[in-house]
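J.: File coords-v1.cif below, mmCIF, C-alpha atoms:
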data_run
loop_
_atom_site.label_atom_id
_atom_site.label_comp_id
_atom_site.auth_asym_id
_atom_site.auth_seq_id
_atom_site.Cartn_x
_atom_site.Cartn_y
_atom_site.Cartn_z
CA MET A 1 -8.56 -3.30 -0.25
CA ASP A 2 -7.14 -0.35 -2.19
CA MET A 3 -8.08 2.74 -0.19
CA ASP A 4 -7.86 6.39 -1.19
CA PHE A 5 -8.33 9.42 1.05
CA PRO A 6 -11.99 10.24 0.15
CA ALA A 7 -12.99 6.61 0.67
CA PHE A 8 -11.17 6.59 4.01
CA GLU A 9 -12.97 9.80 5.09
CA TYR A 10 -16.34 8.28 4.19
CA LEU A 11 -15.58 5.04 6.05
CA ALA A 12 -14.34 6.93 9.12
CA ARG A 13 -17.56 9.01 9.26
CA SER A 14 -19.95 6.14 8.60
CA THR A 15 -18.52 3.53 10.99
CA LYS A 16 -18.96 3.65 14.75
CA PRO A 17 -15.92 2.53 16.75
CA GLU A 18 -16.24 0.01 19.57
CA GLU A 19 -16.67 1.79 22.89
CA GLY A 20 -13.50 1.62 24.99
CA VAL A 21 -11.55 -0.45 22.47
CA CYS A 22 -8.66 0.80 20.35
CA ALA A 23 -7.03 -1.18 17.54
CA ARG A 24 -3.95 -0.57 15.42
CA PHE A 25 -2.75 -2.54 12.41
CA TYR A 26 0.94 -2.50 11.60
CA ASP A 27 3.66 -4.56 9.94
CA ARG A 28 6.05 -6.60 12.04
CA SER A 29 9.15 -8.38 10.80
CA ILE A 30 8.90 -12.09 11.60
CA LYS A 31 11.74 -14.61 11.34
CA THR A 32 10.69 -17.54 9.16
CA ASP A 33 12.00 -21.10 9.26
CA LYS A 34 13.78 -20.49 5.94
CA ILE A 35 17.50 -19.79 5.49
CA ASP A 36 19.09 -17.95 2.54
CA ALA A 37 22.04 -19.17 0.45
CA HIS A 38 24.49 -17.61 2.91
CA GLY A 39 23.00 -19.35 5.94
CA PHE A 40 21.18 -16.28 7.30
CA PRO A 41 17.56 -16.41 8.44
CA ILE A 42 14.88 -15.02 6.13
CA PHE A 43 12.42 -12.49 7.54
CA GLU A 44 9.03 -11.40 6.20
CA ASN A 45 6.57 -8.64 7.01
CA VAL A 46 3.37 -9.81 8.67
CA CYS A 47 0.36 -7.59 9.37
CA PHE A 48 -0.38 -7.52 13.12
CA CYS A 49 -3.32 -6.12 15.05
CA GLU A 50 -2.77 -4.55 18.46
CA ILE A 51 -5.93 -4.21 20.56
CA ARG A 52 -6.07 -2.15 23.74
CA ILE A 53 -8.98 -1.87 26.13
CA ARG A 54 -9.64 1.33 28.07
CA ASP A 55 -8.92 1.16 31.79
CA ASN A 56 -6.96 -2.08 31.33
CA ASN A 57 -3.31 -1.25 30.70
CA SER A 58 -2.13 -4.69 31.77
CA GLU A 59 -3.65 -6.54 28.81
CA ILE A 60 -2.66 -5.76 25.25
CA PHE A 61 -3.76 -8.19 22.57
CA ASP A 62 -1.11 -8.21 19.86
CA GLN A 63 -1.53 -10.95 17.25
CA PRO A 64 -1.31 -11.47 13.50
CA ALA A 65 -4.26 -9.79 11.80
CA THR A 66 -7.13 -12.07 10.83
CA GLU A 67 -10.20 -11.54 8.65
CA GLU A 68 -12.26 -11.32 11.85
CA LYS A 69 -10.11 -8.46 13.18
CA ILE A 70 -10.18 -6.66 9.82
CA LYS A 71 -14.00 -6.84 9.76
CA ARG A 72 -14.22 -5.83 13.43
CA PHE A 73 -11.99 -2.75 12.95
CA PRO A 74 -12.55 -1.59 9.35
CA VAL A 75 -11.53 2.06 9.90
CA GLU A 76 -8.27 1.11 11.58
CA TYR A 77 -7.49 -1.38 8.81
CA ALA A 78 -8.33 1.23 6.17
CA ARG A 79 -5.93 3.64 7.92
CA TYR A 80 -3.21 0.93 7.80
CA GLN A 81 -3.84 0.30 4.08
CA LEU A 82 -3.83 4.04 3.30
CA ALA A 83 -0.55 4.48 5.19
CA LYS A 84 1.07 1.67 3.18
CA LYS A 85 -0.23 3.09 -0.10
CA GLN A 86 1.00 6.62 0.64
CA ALA A 87 4.37 5.45 1.96
CA GLN A 88 5.18 3.78 -1.36
CA THR A 89 5.34 7.12 -3.14
CA GLY A 90 5.93 9.74 -0.49
CA THR A 91 7.96 11.10 2.39
CA PRO A 92 6.69 9.77 5.75
CA LEU A 93 5.46 12.51 8.08
CA GLU A 94 7.92 11.31 10.73
CA GLN A 95 10.74 12.55 8.50
CA PHE A 96 9.17 16.02 8.17
CA ALA A 97 11.10 18.03 10.77
CA PHE A 98 8.56 20.87 10.91
CA LEU A 99 5.87 18.82 12.67
CA SER A 100 5.74 17.72 16.29
CA LEU A 101 4.94 14.12 17.18
CA ALA A 102 1.46 15.20 18.26
CA GLU A 103 0.85 16.88 14.90
CA VAL A 104 2.07 13.77 13.07
CA ASP A 105 -0.31 11.56 15.06
CA SER A 106 -3.15 14.02 14.48
CA LEU A 107 -2.56 13.92 10.73
CA LYS A 108 -2.37 10.12 10.74
CA SER A 109 -5.72 9.93 12.53
CA ARG A 110 -7.12 11.90 9.58
CA GLY A 111 -5.66 9.45 7.04
CA ILE A 112 -2.64 11.53 6.01
CA PHE A 113 0.70 9.74 6.22
CA THR A 114 3.07 11.54 3.85
CA VAL A 115 4.19 15.12 3.23
CA GLU A 116 3.09 14.77 -0.39
CA ALA A 117 -0.45 13.71 0.57
CA LEU A 118 -0.68 16.68 2.92
CA SER A 119 0.58 19.09 0.26
CA GLU A 120 -1.76 17.73 -2.43
CA MET A 121 -4.80 18.22 -0.23
CA ASP A 122 -7.19 21.00 -1.18
CA MET A 123 -6.85 24.01 1.17
CA ALA A 124 -10.61 24.09 1.83
CA ARG A 125 -10.48 20.47 3.00
CA ALA A 126 -7.40 21.23 5.13
CA GLU A 127 -9.25 24.13 6.77
CA ASN A 128 -12.26 21.87 7.44
CA LEU A 129 -9.95 19.34 9.09
CA GLY A 130 -8.16 22.06 11.09
CA ILE A 131 -4.76 21.40 9.52
CA SER A 132 -4.24 24.44 7.28
CA ARG A 133 -0.97 25.42 9.02
CA GLU A 134 0.44 21.93 8.52
CA LYS A 135 -0.61 22.01 4.85
CA GLU A 136 1.12 25.37 4.33
CA LEU A 137 4.34 23.94 5.82
CA ALA A 138 4.09 20.92 3.53
CA ASP A 139 3.50 23.17 0.50
CA LYS A 140 6.62 25.22 1.31
CA PHE A 141 8.64 22.04 1.80
CA MET A 142 7.48 20.62 -1.53
CA GLN A 143 8.37 23.88 -3.32
CA GLN A 144 11.89 23.68 -1.84
CA ALA A 145 12.17 19.99 -2.71
CA SER A 146 11.18 20.57 -6.33
CA GLY A 147 14.63 22.08 -6.88
CA ASN A 148 16.13 18.69 -5.95
CA LYS A 149 14.59 16.78 -8.86
CA GLY A 150 17.98 16.48 -10.56
CA LEU A 151 19.39 14.84 -7.47
CA VAL A 152 16.44 12.44 -7.32
CA ALA A 153 16.89 11.51 -10.99
CA TRP A 154 20.61 10.94 -10.41
CA GLN A 155 19.85 8.70 -7.42
CA GLU A 156 17.34 6.67 -9.45
CA THR A 157 19.93 6.19 -12.21
CA GLU A 158 22.54 5.23 -9.62
CA ASP A 159 20.16 2.67 -8.12
CA ARG A 160 19.49 1.16 -11.56
CA TYR A 161 23.24 0.86 -12.18
CA LYS A 162 23.79 -0.79 -8.80
CA THR A 163 21.03 -3.30 -9.52
CA LYS A 164 22.51 -4.05 -12.93
CA ILE A 165 26.00 -4.48 -11.43
CA LYS A 166 24.65 -6.95 -8.85
CA LYS A 167 22.98 -8.98 -11.61
CA LEU A 168 26.17 -9.00 -13.68
CA GLU A 169 28.26 -10.02 -10.66
CA ALA A 170 25.86 -12.90 -10.03
CA GLU A 171 26.18 -13.97 -13.69
CA VAL A 172 29.99 -13.86 -13.45
CA ARG A 173 29.89 -16.02 -10.30
CA ASN A 174 27.59 -18.52 -12.02
CA LEU A 175 29.79 -18.63 -15.12
CA ARG A 176 32.92 -19.14 -13.01
CA ALA A 177 31.23 -21.94 -11.10
CA ALA A 178 30.10 -23.58 -14.36
CA LEU A 179 33.59 -23.22 -15.82
CA LYS A 180 35.18 -24.68 -12.69
CA LYS A 181 32.71 -27.56 -12.76
CA GLY A 182 33.50 -28.18 -16.46
CA GLU A 183 37.25 -28.24 -15.75
CA GLN A 184 36.81 -30.81 -12.98
CA GLU A 185 34.92 -33.23 -15.23
#
Could you render the structure from this file as C-alpha cells?
T.:
Amino acid sequence: MDMDFPAFEYLARSTKPEEGVCARFYDRSIKTDKIDAHGFPIFENVCFCEIRIRDNNSEIFDQPATEEKIKRFPVEYARYQLAKKQAQTGTPLEQFAFLSLAEVDSLKSRGIFTVEALSEMDMARAENLGISREKELADKFMQQASGNKGLVAWQETEDRYKTKIKKLEAEVRNLRAALKKGEQE
C-alpha cells in the first residue's frame, strides 16, 4: 500500500478505531538462521504489530504483523507505511531539535514524520491541524539547510566513491584468489 498524506487523512477520518484498543506497527530487527561469508549472523527487518488494551497494562500483544492485523488496524498500518515512505527522503522529526517529544508524537499522529513533509504542508492545512508554529519552525530550518546543498552533493559523491572502491576491492580479492588457485594447479 503506497500511502500519501491526503489519502492518510481521508482514511483516518473515515475509519472508526476499536474502543479501548491501541495498535502500533513498527520494524524490528530479527536474527535469521543465515550466516554471512565472515561467519556473522544475518539480520532482517520484520514488520511487527504491538497491541495494547486500555486498563490492562500487564498484557501487550507484540507479534509479527499479519494480514488480519493490517485489516483490523488500517489507520495504524497506513501511518506506519507513510512514516516509512517519508523517512526514505527526509529528516526524521526526532532529529529536529526544535520540537519536544510531545510535539513529535502529535505530528506523527497526524501522519507527518519528517521535517520536509511538515515544511511542504500548506499553511492553511497546518492551521486547520493546529500545527502552524511547528510548520514555521520547519520552514525556517529548511531555509537554513538549503545553504548546505553543496555539502550534501559532496557527501553523495563521497558515498558513490566509497561504494565503487568497495566493489573494486572485492574484484581485486577475487582476482587474487583466482590467480592463487591457478598457481596451485
J.: Got a sec: who's within 9 Å of region 95-97 of chain A, counting only C-alpha atoms, leaving out chain neighbours fewer than 6 positions off, as number ranges by chain?
T.: A: 104, 114-115, 138, 141
J.: Please produce an output containing C-alpha atoms for each residue in the selection, written as a JSON list (two decimals), keeping the file's coordinate frame.
T.:
[["chain", "number", "residue", "atom", "x", "y", "z"],
["A", 104, "VAL", "CA", 2.07, 13.77, 13.07],
["A", 114, "THR", "CA", 3.07, 11.54, 3.85],
["A", 115, "VAL", "CA", 4.19, 15.12, 3.23],
["A", 138, "ALA", "CA", 4.09, 20.92, 3.53],
["A", 141, "PHE", "CA", 8.64, 22.04, 1.80]]
J.: Taking 2 positions as the minimum chain separation for residues in the same chain, which residues sit within 7 Å of Arg24 (chain A) when counting all atoms listed in the file? Answer as a count of residues only.
T.: 6
J.: Suppose a student applies the PyMOL selection byres ((chain A and resi 18) around 12) to this structure; what residues should they get, written as a VMD selection string?
T.: chain A and resid 15 to 17 19 to 23 51 to 54 72 to 76
J.: Can you tell me how far CA of Phe25 (chain A) sits from CA of Asp122 (chain A), in Å to one decimal?
T.: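 The value is 27.5 Å.
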J.: Separation of CA of Phe48 (chain A) and CA of Lys84 (chain A), in Å?
T.: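 CA of Lys84 (chain A) lies 13.6 Å from CA of Phe48 (chain A).
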J.: If you measure from CA of Glu68 (chain A) to CA of Gln81 (chain A), what distance in Å do you get, rounded to one decimal?
T.: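 Pair CA of Glu68 (chain A) / CA of Gln81 (chain A) returns 16.3 Å.
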J.: Under the PyMOL selection byres ((chain A and resi 125-135) around 10), which residues of this model are included? Write them out as a ChimeraX atom specification.
T.: /A:98-99,103-104,106-107,110,115-124,136-141
J.: For the residues selected in the previous step, produce a file with C-alpha atoms as an mmCIF file, in the coordinates of the input.
T.:
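Listing of out-v6.cif after writing:
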data_model
loop_
_atom_site.group_PDB
_atom_site.id
_atom_site.type_symbol
_atom_site.label_atom_id
_atom_site.label_comp_id
_atom_site.auth_asym_id
_atom_site.auth_seq_id
_atom_site.Cartn_x
_atom_site.Cartn_y
_atom_site.Cartn_z
ATOM 1 C CA PHE A 98 8.560 20.870 10.910
ATOM 2 C CA LEU A 99 5.870 18.820 12.670
ATOM 3 C CA GLU A 103 0.850 16.880 14.900
ATOM 4 C CA VAL A 104 2.070 13.770 13.070
ATOM 5 C CA SER A 106 -3.150 14.020 14.480
ATOM 6 C CA LEU A 107 -2.560 13.920 10.730
ATOM 7 C CA ARG A 110 -7.120 11.900 9.580
ATOM 8 C CA VAL A 115 4.190 15.120 3.230
ATOM 9 C CA GLU A 116 3.090 14.770 -0.390
ATOM 10 C CA ALA A 117 -0.450 13.710 0.570
ATOM 11 C CA LEU A 118 -0.680 16.680 2.920
ATOM 12 C CA SER A 119 0.580 19.090 0.260
ATOM 13 C CA GLU A 120 -1.760 17.730 -2.430
ATOM 14 C CA MET A 121 -4.800 18.220 -0.230
ATOM 15 C CA ASP A 122 -7.190 21.000 -1.180
ATOM 16 C CA MET A 123 -6.850 24.010 1.170
ATOM 17 C CA ALA A 124 -10.610 24.090 1.830
ATOM 18 C CA GLU A 136 1.120 25.370 4.330
ATOM 19 C CA LEU A 137 4.340 23.940 5.820
ATOM 20 C CA ALA A 138 4.090 20.920 3.530
ATOM 21 C CA ASP A 139 3.500 23.170 0.500
ATOM 22 C CA LYS A 140 6.620 25.220 1.310
ATOM 23 C CA PHE A 141 8.640 22.040 1.800
#
J.: Evaluate the PyMOL selection byres ((chain A and resi 29) around 8) and record the selected residues as an MDAnalysis selection string, following the chain and residue labels used in the document.
T.: chainID A and resid 27:28 30:31 43:46
J.: Go ahead and fit an axis-aligned box to every listed atom of region 45-59 of chain A plus 5 Å each side, and pass me the centre and edge lengths in Å, one decimal, as lines of an AutoDock Vina configuration file.
T.:
center_x = -1.5
center_y = -4.2
center_z = 19.4
size_x = 26.2
size_y = 21.1
size_z = 34.8
J.: Using only C-alpha atoms, which of the listed residues (A:Arg160, A:Lys167, A:Lys34, A:Gly111) sits closest to Tyr77 (chain A)?
T.: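 Once distances to Tyr77 (chain A) are computed over only C-alpha atoms, the minimum belongs to A:Gly111.
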